[in-house]
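Enquirer: Contents are mmCIF, C-alpha atoms; file name work_14.cif:
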```cif
data_upload
#
loop_
_atom_site.label_atom_id
_atom_site.label_comp_id
_atom_site.auth_asym_id
_atom_site.auth_seq_id
_atom_site.Cartn_x
_atom_site.Cartn_y
_atom_site.Cartn_z
CA MET M 1 6.60 -5.85 -19.41
CA ARG M 2 7.91 -2.46 -20.44
CA PHE M 3 8.63 0.18 -17.80
CA HIS M 4 8.74 3.93 -18.41
CA ALA M 5 10.41 6.89 -16.75
CA ALA M 6 8.11 9.38 -15.02
CA SER M 7 7.85 11.97 -17.81
CA GLU M 8 7.13 9.34 -20.49
CA ALA M 9 4.59 7.60 -18.26
CA ALA M 10 2.77 10.87 -17.49
CA SER M 11 2.47 11.67 -21.19
CA LEU M 12 1.13 8.20 -21.93
CA MET M 13 -1.43 8.44 -19.11
CA ASN M 14 -2.51 11.88 -20.35
CA ARG M 15 -2.98 10.55 -23.89
CA TYR M 16 -5.00 7.53 -22.80
CA GLY M 17 -7.06 9.75 -20.51
CA LYS M 18 -7.81 12.20 -23.30
CA GLU M 19 -8.81 9.30 -25.58
CA LYS M 20 -10.92 7.76 -22.77
CA ARG M 21 -8.98 4.50 -23.15
CA PRO M 22 -9.00 2.28 -20.03
CA PHE M 23 -5.50 1.55 -18.73
CA LEU M 24 -3.70 0.05 -15.75
CA PHE M 25 -0.61 1.51 -14.09
CA ILE M 26 1.98 0.31 -11.57
CA VAL M 27 4.51 2.74 -10.06
CA ASP M 28 7.45 1.73 -7.90
CA TYR M 29 8.26 3.47 -4.62
CA GLU M 30 11.03 5.63 -6.10
CA VAL M 31 8.85 6.59 -9.11
CA GLY M 32 11.62 5.33 -11.37
CA ARG M 33 9.88 2.35 -13.00
CA ILE M 34 6.30 2.82 -14.19
CA TYR M 35 4.17 0.33 -16.10
CA VAL M 36 1.30 1.79 -18.16
CA GLU M 37 -0.77 -0.42 -20.43
CA ARG M 38 -4.25 -0.43 -21.97
CA LEU M 39 -6.53 -2.98 -20.32
CA GLU M 40 -7.30 -4.70 -23.60
CA ARG M 41 -3.62 -5.62 -23.94
CA ILE M 42 -3.17 -7.15 -20.47
CA GLY M 43 -3.67 -10.90 -20.41
CA PRO M 44 -3.61 -13.01 -17.23
CA ASP M 45 -0.32 -14.52 -18.43
CA VAL M 46 1.30 -11.08 -17.99
CA LEU M 47 -0.28 -10.09 -14.67
CA LEU M 48 -3.46 -10.59 -12.65
CA TYR M 49 -5.42 -7.71 -11.19
CA ASP M 50 -8.61 -7.11 -9.25
CA PHE M 51 -9.40 -3.55 -8.21
CA ASN M 52 -12.71 -3.35 -6.40
CA GLY M 53 -14.14 -6.12 -8.58
CA VAL M 54 -12.70 -4.92 -11.91
CA SER M 55 -10.52 -7.88 -12.85
CA ASN M 56 -8.93 -9.97 -15.58
CA ALA M 57 -8.81 -13.05 -13.33
CA GLU M 58 -10.91 -16.13 -14.01
CA SER M 59 -11.98 -18.84 -11.54
CA TRP M 60 -9.07 -20.81 -10.14
CA GLU M 61 -8.46 -24.22 -8.55
CA THR M 62 -5.64 -24.58 -6.03
CA GLY M 63 -4.37 -27.43 -3.94
CA CYS M 64 -5.45 -25.55 -0.83
CA GLU M 65 -8.88 -26.47 0.50
CA SER M 66 -10.84 -25.25 3.50
CA PRO M 67 -10.18 -25.24 6.41
CA SER M 68 -6.41 -25.38 5.87
CA CYS M 69 -6.52 -22.13 3.90
CA ALA M 70 -7.69 -20.41 7.05
CA SER M 71 -4.71 -21.68 9.04
CA SER M 72 -1.07 -20.63 9.15
CA ASP M 73 0.21 -24.03 7.96
CA TRP M 74 1.07 -22.66 4.53
CA MET M 75 3.51 -19.97 5.78
CA ASP M 76 6.49 -19.88 8.16
CA VAL M 77 7.74 -16.47 9.27
CA HIS M 78 11.36 -15.72 10.19
CA PRO M 79 11.11 -12.38 12.02
CA VAL M 80 13.61 -9.61 11.44
CA ASP M 81 16.40 -9.61 14.02
CA LYS M 82 15.36 -7.34 16.89
CA GLU M 83 18.71 -5.58 17.15
CA ALA M 84 18.77 -4.91 13.39
CA TYR M 85 15.33 -3.34 13.66
CA ARG M 86 16.38 -1.33 16.72
CA ARG M 87 19.38 0.10 14.86
CA SER M 88 17.13 1.29 12.03
CA PHE M 89 14.64 2.66 14.55
CA GLU M 90 17.37 4.64 16.34
CA ILE M 91 18.46 6.27 13.09
CA VAL M 92 14.91 7.52 12.57
CA ARG M 93 14.56 8.56 16.20
CA ARG M 94 17.80 10.55 16.07
CA HIS M 95 16.45 12.54 13.11
CA ILE M 96 13.13 13.10 14.88
CA LEU M 97 14.89 14.47 17.97
CA ALA M 98 16.98 16.73 15.70
CA GLY M 99 13.80 18.14 14.19
CA ASP M 100 14.48 16.73 10.71
CA THR M 101 11.17 14.83 10.56
CA TYR M 102 7.96 14.56 12.58
CA LEU M 103 6.92 11.17 11.26
CA ALA M 104 8.77 8.53 9.23
CA ASN M 105 7.42 5.24 7.95
CA LEU M 106 10.06 2.60 8.68
CA THR M 107 9.76 -0.71 6.83
CA HIS M 108 11.60 -4.04 6.74
CA ALA M 109 11.66 -7.17 4.60
CA THR M 110 10.91 -10.34 6.56
CA SER M 111 11.93 -13.74 5.23
CA ILE M 112 9.05 -16.23 4.91
CA ASP M 113 8.62 -19.78 3.65
CA LEU M 114 5.56 -20.34 1.44
CA ARG M 115 3.83 -23.54 0.44
CA LEU M 116 1.61 -21.79 -2.09
CA SER M 117 2.49 -19.95 -5.29
CA LEU M 118 2.04 -16.21 -5.69
CA VAL M 119 -0.75 -16.89 -8.18
CA ASP M 120 -2.52 -19.11 -5.64
CA LEU M 121 -2.24 -16.36 -3.04
CA PHE M 122 -3.69 -13.82 -5.44
CA HIS M 123 -6.78 -15.98 -5.95
CA LEU M 124 -7.18 -16.96 -2.31
CA ALA M 125 -6.77 -13.49 -0.79
CA GLU M 126 -9.60 -11.13 0.04
CA ALA M 127 -8.70 -7.46 -0.42
CA ARG M 128 -10.02 -4.33 -2.08
CA TYR M 129 -7.02 -4.28 -4.40
CA ARG M 130 -5.07 -7.31 -5.58
CA LEU M 131 -2.25 -7.59 -8.09
CA CYS M 132 0.11 -10.41 -9.05
CA ILE M 133 3.04 -10.48 -11.42
CA PRO M 134 3.86 -14.22 -11.48
CA ARG M 135 7.21 -15.18 -9.96
CA GLN M 136 7.85 -11.54 -8.98
CA PHE M 137 5.35 -10.29 -6.41
CA VAL M 138 1.78 -10.35 -5.15
CA VAL M 139 0.03 -7.56 -3.28
CA PHE M 140 -3.36 -7.49 -1.51
CA SER M 141 -3.89 -3.97 -0.32
CA PRO M 142 -6.68 -2.55 1.82
CA GLU M 143 -5.52 1.06 1.33
CA THR M 144 -6.91 3.33 -1.38
CA PHE M 145 -4.40 5.91 -2.61
CA VAL M 146 -6.56 8.26 -4.66
CA ARG M 147 -9.95 7.81 -6.27
CA ILE M 148 -11.12 10.30 -8.92
CA ARG M 149 -14.80 10.39 -9.75
CA ASP M 150 -17.42 13.04 -10.61
CA GLY M 151 -14.87 15.85 -10.50
CA PHE M 152 -13.50 15.00 -7.03
CA ILE M 153 -10.14 13.50 -6.07
CA CYS M 154 -10.22 11.61 -2.76
CA SER M 155 -7.42 10.03 -0.75
CA TYR M 156 -7.84 7.62 2.16
CA PRO M 157 -4.66 7.53 4.29
CA MET M 158 -4.60 4.51 6.61
CA LYS M 159 -2.70 4.91 9.87
CA GLY M 160 -3.32 2.89 13.02
CA THR M 161 -3.75 -0.88 13.50
CA ILE M 162 -4.97 -2.81 16.53
CA SER M 163 -6.25 -6.32 17.19
CA ALA M 164 -10.01 -6.39 17.68
CA SER M 165 -9.40 -8.84 20.54
CA VAL M 166 -7.94 -6.06 22.71
CA PRO M 167 -10.58 -5.02 25.27
CA ASN M 168 -12.32 -1.83 24.09
CA ALA M 169 -10.05 -1.87 21.02
CA ARG M 170 -11.77 1.02 19.23
CA GLU M 171 -11.53 3.29 22.25
CA VAL M 172 -7.95 2.23 22.92
CA ILE M 173 -6.60 3.10 19.48
CA LEU M 174 -8.64 6.29 19.10
CA SER M 175 -7.39 7.58 22.45
CA ASP M 176 -3.75 6.54 21.90
CA GLU M 177 -1.70 9.75 21.83
CA LYS M 178 1.00 8.41 19.52
CA GLU M 179 -1.50 6.96 17.04
CA SER M 180 -3.56 10.16 17.07
CA ALA M 181 -0.52 12.34 16.35
CA GLU M 182 0.69 10.03 13.58
CA HIS M 183 -2.71 9.96 11.88
CA ALA M 184 -3.21 13.73 12.12
CA THR M 185 0.25 14.35 10.64
CA ILE M 186 -0.46 12.14 7.62
CA VAL M 187 -3.88 13.68 7.03
CA ASP M 188 -2.29 17.13 7.04
CA LEU M 189 0.39 15.92 4.60
CA ILE M 190 -2.23 14.46 2.24
CA ARG M 191 -4.21 17.72 2.43
CA ASN M 192 -1.09 19.57 1.35
CA ASP M 193 -0.41 17.08 -1.47
CA LEU M 194 -3.95 17.27 -2.86
CA SER M 195 -3.85 21.07 -2.67
CA GLN M 196 -1.10 21.00 -5.30
CA VAL M 197 -3.39 19.39 -7.89
CA SER M 198 -6.94 20.32 -6.77
CA ALA M 199 -9.01 23.05 -5.12
CA HIS M 200 -11.17 23.34 -1.99
CA VAL M 201 -9.52 20.47 -0.11
CA THR M 202 -11.52 19.21 2.88
CA VAL M 203 -11.60 16.22 5.30
CA PRO M 204 -15.16 14.80 5.15
CA ARG M 205 -14.28 11.84 7.42
CA PHE M 206 -11.59 11.74 10.11
CA ARG M 207 -10.39 8.51 11.77
CA TYR M 208 -13.02 5.97 10.81
CA MET M 209 -12.39 2.22 11.08
CA ASP M 210 -12.35 -0.82 8.80
CA GLU M 211 -12.22 -4.46 9.87
CA ILE M 212 -9.74 -6.87 8.25
CA HIS M 213 -9.87 -10.64 8.82
CA THR M 214 -6.53 -12.47 8.66
CA HIS M 215 -5.50 -16.02 7.77
CA THR M 216 -4.98 -16.80 11.48
CA GLY M 217 -8.59 -15.97 12.30
CA GLU M 218 -7.67 -12.69 13.98
CA THR M 219 -9.63 -9.53 13.19
CA LEU M 220 -7.71 -6.25 12.91
CA LEU M 221 -9.09 -2.74 13.13
CA GLN M 222 -7.45 -0.17 10.86
CA VAL M 223 -7.99 3.57 11.10
CA SER M 224 -8.42 5.74 7.99
CA SER M 225 -9.54 9.24 7.00
CA GLU M 226 -10.96 10.72 3.79
CA VAL M 227 -9.36 13.81 2.21
CA ARG M 228 -11.15 15.35 -0.79
CA GLY M 229 -10.44 18.05 -3.40
CA GLU M 230 -12.15 19.38 -6.52
CA LEU M 231 -10.71 18.98 -10.04
CA ALA M 232 -11.34 20.90 -13.24
CA GLY M 233 -13.60 19.27 -15.81
CA ASP M 234 -10.73 18.29 -18.15
CA TRP M 235 -8.86 16.24 -15.54
CA GLN M 236 -8.80 13.09 -17.71
CA GLN M 237 -6.47 14.87 -20.14
CA ARG M 238 -4.08 15.57 -17.26
CA VAL M 239 -4.41 12.35 -15.29
CA GLY M 240 -0.68 11.59 -15.37
CA ASP M 241 0.20 15.16 -14.41
CA ILE M 242 -2.21 14.93 -11.48
CA LEU M 243 -1.16 11.50 -10.21
CA LEU M 244 2.65 11.43 -10.39
CA PRO M 245 3.37 14.65 -8.41
CA LEU M 246 1.58 13.04 -5.44
CA LEU M 247 4.19 10.25 -5.26
CA PRO M 248 5.62 8.67 -3.26
CA ALA M 249 2.50 8.40 -1.12
CA GLY M 250 2.50 10.36 2.11
CA SER M 251 1.17 7.50 4.21
CA ILE M 252 4.26 5.38 3.54
CA THR M 253 6.88 8.14 3.72
CA GLY M 254 6.24 10.84 6.34
CA ALA M 255 6.47 14.56 6.99
CA PRO M 256 8.04 16.65 5.74
CA LYS M 257 8.08 14.32 2.77
CA PRO M 258 11.31 15.17 0.83
CA LYS M 259 13.55 15.15 3.90
CA THR M 260 11.84 12.07 5.35
CA VAL M 261 12.40 10.12 2.13
CA ARG M 262 16.13 10.72 2.57
CA ILE M 263 15.98 9.58 6.21
CA ILE M 264 14.14 6.41 5.17
CA ARG M 265 16.86 5.66 2.65
CA GLU M 266 19.48 5.97 5.42
CA ALA M 267 17.57 3.84 7.94
CA GLU M 268 16.30 0.97 5.80
CA ASN M 269 18.72 -1.79 4.87
CA TYR M 270 17.07 -2.86 1.59
CA ARG M 271 15.39 -1.46 -1.52
CA ARG M 272 11.60 -1.27 -1.36
CA GLY M 273 11.15 -1.79 -5.11
CA PHE M 274 7.45 -1.86 -5.94
CA TYR M 275 6.49 -2.25 -2.28
CA THR M 276 4.77 0.98 -1.09
CA GLY M 277 4.44 2.11 -4.69
CA VAL M 278 1.03 2.71 -6.26
CA MET M 279 -1.15 0.63 -8.59
CA GLY M 280 -4.39 1.63 -10.22
CA LEU M 281 -6.87 1.58 -13.04
CA PHE M 282 -8.49 4.24 -15.24
CA ASP M 283 -11.76 2.94 -16.71
CA GLY M 284 -12.26 5.69 -19.28
CA GLU M 285 -14.22 7.96 -16.94
CA SER M 286 -12.88 7.53 -13.40
CA LEU M 287 -9.71 6.38 -11.64
CA ASP M 288 -9.13 4.09 -8.68
CA SER M 289 -5.74 3.34 -7.13
CA ALA M 290 -4.10 1.75 -4.09
CA VAL M 291 -0.90 1.92 -2.08
CA MET M 292 0.99 -1.34 -2.54
CA ILE M 293 1.12 -2.62 1.04
CA ARG M 294 0.58 -6.22 2.23
CA PHE M 295 3.29 -7.28 -0.20
CA ILE M 296 5.15 -10.55 -0.87
CA GLU M 297 8.14 -10.57 -3.21
CA GLN M 298 9.75 -13.65 -4.73
CA THR M 299 13.55 -13.47 -4.99
CA ASP M 300 16.27 -15.85 -6.14
CA THR M 301 16.80 -16.93 -2.52
CA GLY M 302 13.20 -17.11 -1.30
CA PHE M 303 10.18 -15.01 -0.35
CA LEU M 304 10.05 -11.68 1.48
CA PHE M 305 7.05 -10.14 3.21
CA LYS M 306 7.55 -6.37 3.41
CA SER M 307 5.83 -4.43 6.19
CA GLY M 308 6.27 -1.25 8.18
CA GLY M 309 4.84 1.39 10.48
CA GLY M 310 5.05 5.07 11.34
CA ILE M 311 7.65 6.30 13.84
CA THR M 312 7.08 9.46 15.90
CA SER M 313 8.74 11.00 18.95
CA LYS M 314 6.39 8.94 21.13
CA SER M 315 7.22 5.60 19.51
CA GLU M 316 8.80 2.73 21.44
CA TRP M 317 10.96 0.41 19.37
CA GLN M 318 9.57 -2.79 20.95
CA LYS M 319 5.97 -1.87 20.08
CA GLU M 320 6.94 -0.83 16.55
CA TYR M 321 8.79 -4.12 16.10
CA GLU M 322 5.65 -5.99 17.19
CA GLU M 323 3.59 -3.98 14.70
CA ILE M 324 5.68 -4.88 11.65
CA ASN M 325 5.29 -8.55 12.60
CA GLN M 326 1.56 -8.18 13.25
CA LYS M 327 1.17 -6.92 9.69
CA ILE M 328 2.61 -10.14 8.24
CA TYR M 329 -0.66 -11.77 7.30
CA ILE M 330 -2.79 -12.68 4.31
CA PRO M 331 -6.54 -11.93 4.41
CA LEU M 332 -7.45 -15.35 3.04
CA ARG M 333 -10.88 -16.53 2.01
CA ARG M 334 -11.98 -20.11 2.78
CA GLY M 335 -12.07 -22.73 0.06
CA GLY M 336 -9.99 -23.40 -3.02
CA LYS M 337 -12.16 -21.76 -5.68
CA ARG M 338 -12.55 -18.17 -6.70
#
```
Take the structure I supplied and represent it as structure tokens, if you would.

Expert:
Amino acid sequence: MRFHAASEAASLMNRYGKEKRPFLFIVDYEVGRIYVERLERIGPDVLLYDFNGVSNAESWETGCESPSCASSDWMDVHPVDKEAYRRSFEIVRRHILAGDTYLANLTHATSIDLRLSLVDLFHLAEARYRLCIPRQFVVFSPETFVRIRDGFICSYPMKGTISASVPNAREVILSDEKESAEHATIVDLIRNDLSQVSAHVTVPRFRYMDEIHTHTGETLLQVSSEVRGELAGDWQQRVGDILLPLLPAGSITGAPKPKTVRIIREAENYRRGFYTGVMGLFDGESLDSAVMIRFIEQTDTGFLFKSGGGITSKSEWQKEYEEINQKIYIPLRRGGKR
């Protein structure tokens, strides 16, 4: 796979957009490594993708059959040390109290043991957006980054997670002061981002919910909003120039974005790599993309599941620690065929 710098990648996207050539792109968190390739040149031996049903993946047999695929027997989790997390949290909190940031997305890499391959996980997972680069990483993301269709660019920031088993879960999360402030801050940030590349930015939907079913049988509720702007009719010729200035995504950084990115770099004790980057597909007429969350990376020493959550002035480190562990799940389907 060949990776490009931002300026080269933007030019390539613009050219393919002008020619109406379908292409796939993958951008790392730091917007330093960008993969852009025409769909016709991407075989399943290079990578596997499925974006809202547009896929190069064929049916697959694994050694994992129902009901074991719906259990946690295939994965052991070794949670991040609590004190290590607390130290990172306190760095963020210190900057919040100093007024340097209002919201920062703090993430960690958790060691896990897997008894399935990344390719198996790609085929067994249920998610709107799935991507696998064999022996490197697999991602199964529920979060749309931007979708461009019929002259509109829409973003769907996702902030707020709660177990559906909590009594009155919907009311609890919607009335939670910390969650409400965090979500409103990100929506405002995304509005500002889209205003840089589009006109007449609005919020047609604010704090709606999706259900996600995990491999443990638990159902999670996740809160999202829709932010929408209008694009000029020639947007395909500028698709790279529209997309890249929006990165890194606001939902996985914070506000204000440039300063918060620097705080994140200070607080986190690892490199995110492609985790919390963006992946997407241009089909010749429209574009669909996702934030790369729900992410497993294969390293020389084992597997890492990367997860995180937003920190505000109202955050408590124990609850935030519980949240990063709650997000270590795979939305698996039952059965060994896909």

Enquirer: In Å to one decimal, how far is CA of Glu143 (chain M) from CA of Ala249 (chain M)?

Expert: 11.1 Å

Enquirer: Excluding same-chain residues fewer than 2 positions from region 231-237 of chain M, what lies within 7 Å of it counting all atoms listed in the file, as number ranges by chain?

Expert: M: 14-15, 17-18, 151-153, 198-199, 229, 239

Enquirer: For CA of Ile173 (chain M) and CA of Asp100 (chain M), determine how far apart the two atoms are, in Å to one decimal place.

Expert: 26.6 Å

Enquirer: Excluding Ser165 (chain M) and any residue of its chain fewer than 5 positions from it, enumerate the residues within 10 Å of it, using all atoms listed in the file, and give them as a PyMOL selection string.

Expert: chain M and resi 218-221

Enquirer: I'd like to see the residues matched by the PyMOL selection byres ((chain M and resi 313) around 8) on this file, and ideally I'd get them as a list of chain:residue names.

Expert: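 Selection result, ordered by chain and number: M:Arg93, M:Ile96, M:Leu97, M:Tyr102, M:Leu103, M:Ile311, M:Thr312, M:Lys314, M:Ser315.
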
Enquirer: Once the PyMOL selection byres ((chain M and resi 213) around 10) has been applied to the shown file, what residues remain in the selection, as a list in words?

Expert: Glu126, Ala127, Ala164, Glu211, Ile212, Thr214, His215, Thr216, Gly217, Glu218, Thr219, Leu220, Leu221, Tyr329, Ile330, Pro331, Leu332 and Arg333 of chain M

Enquirer: For a quick check of understanding, using all atoms listed in the file, which of M:Asp300, M:Glu268, M:Glu40, M:Asp188 has the smallest distance to Arg87 (chain M)?

Expert: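 Closest candidate: M:Glu268.
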
Enquirer: The PyMOL selection byres ((chain M and resi 296) around 6) on the file shown: which residues, as a PyMOL selection string?

Expert: chain M and resi 137-138+295+297+304-305

Enquirer: For Trp317 (chain M), please output as an NGL selection string all residues within 9 Å (counting only C-alpha atoms; exclusion window: fewer than 6 positions along the same chain).

Expert: :M and (85-86 or 89-90 or 311)

Enquirer: By how many Å are CA of Phe3 (chain M) and CA of Ile34 (chain M) apart?

Expert: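 Taking CA of Phe3 (chain M) as the start and CA of Ile34 (chain M) as the end point, the length is 5.0 Å.
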
Enquirer: Point out the residue among M:Ser225, M:Asn105, M:Thr299, M:Ser163 with the least atom-to-atom distance to Arg262 (chain M), counting only C-alpha atoms.

Expert: M:Asn105

Enquirer: Excluding Phe282 (chain M) and residues on its chain fewer than 5 positions from it, collect all residues at most 6 Å away from it, counting only C-alpha atoms, and give them as a ChimeraX atom specification.

Expert: /M:22-23,287

Enquirer: Name all residues at most 8 Å from Phe145 (chain M) (count all atoms listed in the file; drop same-chain ones fewer than 6 positions away) and give them as an NGL selection string.

Expert: :M and (155-157 or 249 or 278 or 288-291)

Enquirer: If we draw a sphere of 12 Å around (14.6, -13.9, 13.6), which residues have at least one atom in it when counting all atoms listed in the file? Please report them as number ranges by chain.

Expert: M: 76-85, 109-112, 321, 325

Enquirer: Dump C-alpha atoms for the selected residues as a PDB file, keeping the file's coordinate frame?

Expert:
```
ATOM      1  CA  ASP M  76       6.490 -19.880   8.160  1.00  0.00           C
ATOM      2  CA  VAL M  77       7.740 -16.470   9.270  1.00  0.00           C
ATOM      3  CA  HIS M  78      11.360 -15.720  10.190  1.00  0.00           C
ATOM      4  CA  PRO M  79      11.110 -12.380  12.020  1.00  0.00           C
ATOM      5  CA  VAL M  80      13.610  -9.610  11.440  1.00  0.00           C
ATOM      6  CA  ASP M  81      16.400  -9.610  14.020  1.00  0.00           C
ATOM      7  CA  LYS M  82      15.360  -7.340  16.890  1.00  0.00           C
ATOM      8  CA  GLU M  83      18.710  -5.580  17.150  1.00  0.00           C
ATOM      9  CA  ALA M  84      18.770  -4.910  13.390  1.00  0.00           C
ATOM     10  CA  TYR M  85      15.330  -3.340  13.660  1.00  0.00           C
ATOM     11  CA  ALA M 109      11.660  -7.170   4.600  1.00  0.00           C
ATOM     12  CA  THR M 110      10.910 -10.340   6.560  1.00  0.00           C
ATOM     13  CA  SER M 111      11.930 -13.740   5.230  1.00  0.00           C
ATOM     14  CA  ILE M 112       9.050 -16.230   4.910  1.00  0.00           C
ATOM     15  CA  TYR M 321       8.790  -4.120  16.100  1.00  0.00           C
ATOM     16  CA  ASN M 325       5.290  -8.550  12.600  1.00  0.00           C
TER      17      ASN M 325
END
```

Enquirer: Choose the residue, out of M:Arg207, M:Pro248, M:Asp120, M:Val166, that has the smallest atom-to-atom separation from Ala181 (chain M); count all atoms listed in the file.

Expert: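 Closest residue, counting all atoms listed in the file: M:Arg207.
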
Enquirer: Could you tell me which of M:Gln298, M:Ser195, M:Ser175, M:Met1 comes closest to Pro245 (chain M) if we count only C-alpha atoms?

Expert: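 Closest candidate: M:Ser195.
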
Enquirer: M:Ile186, M:Val223, M:Leu116, M:Pro204: which is nearest Leu174 (chain M), counting all atoms listed in the file?

Expert: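 Ranked by minimum distance to Leu174 (chain M), first place goes to M:Val223.
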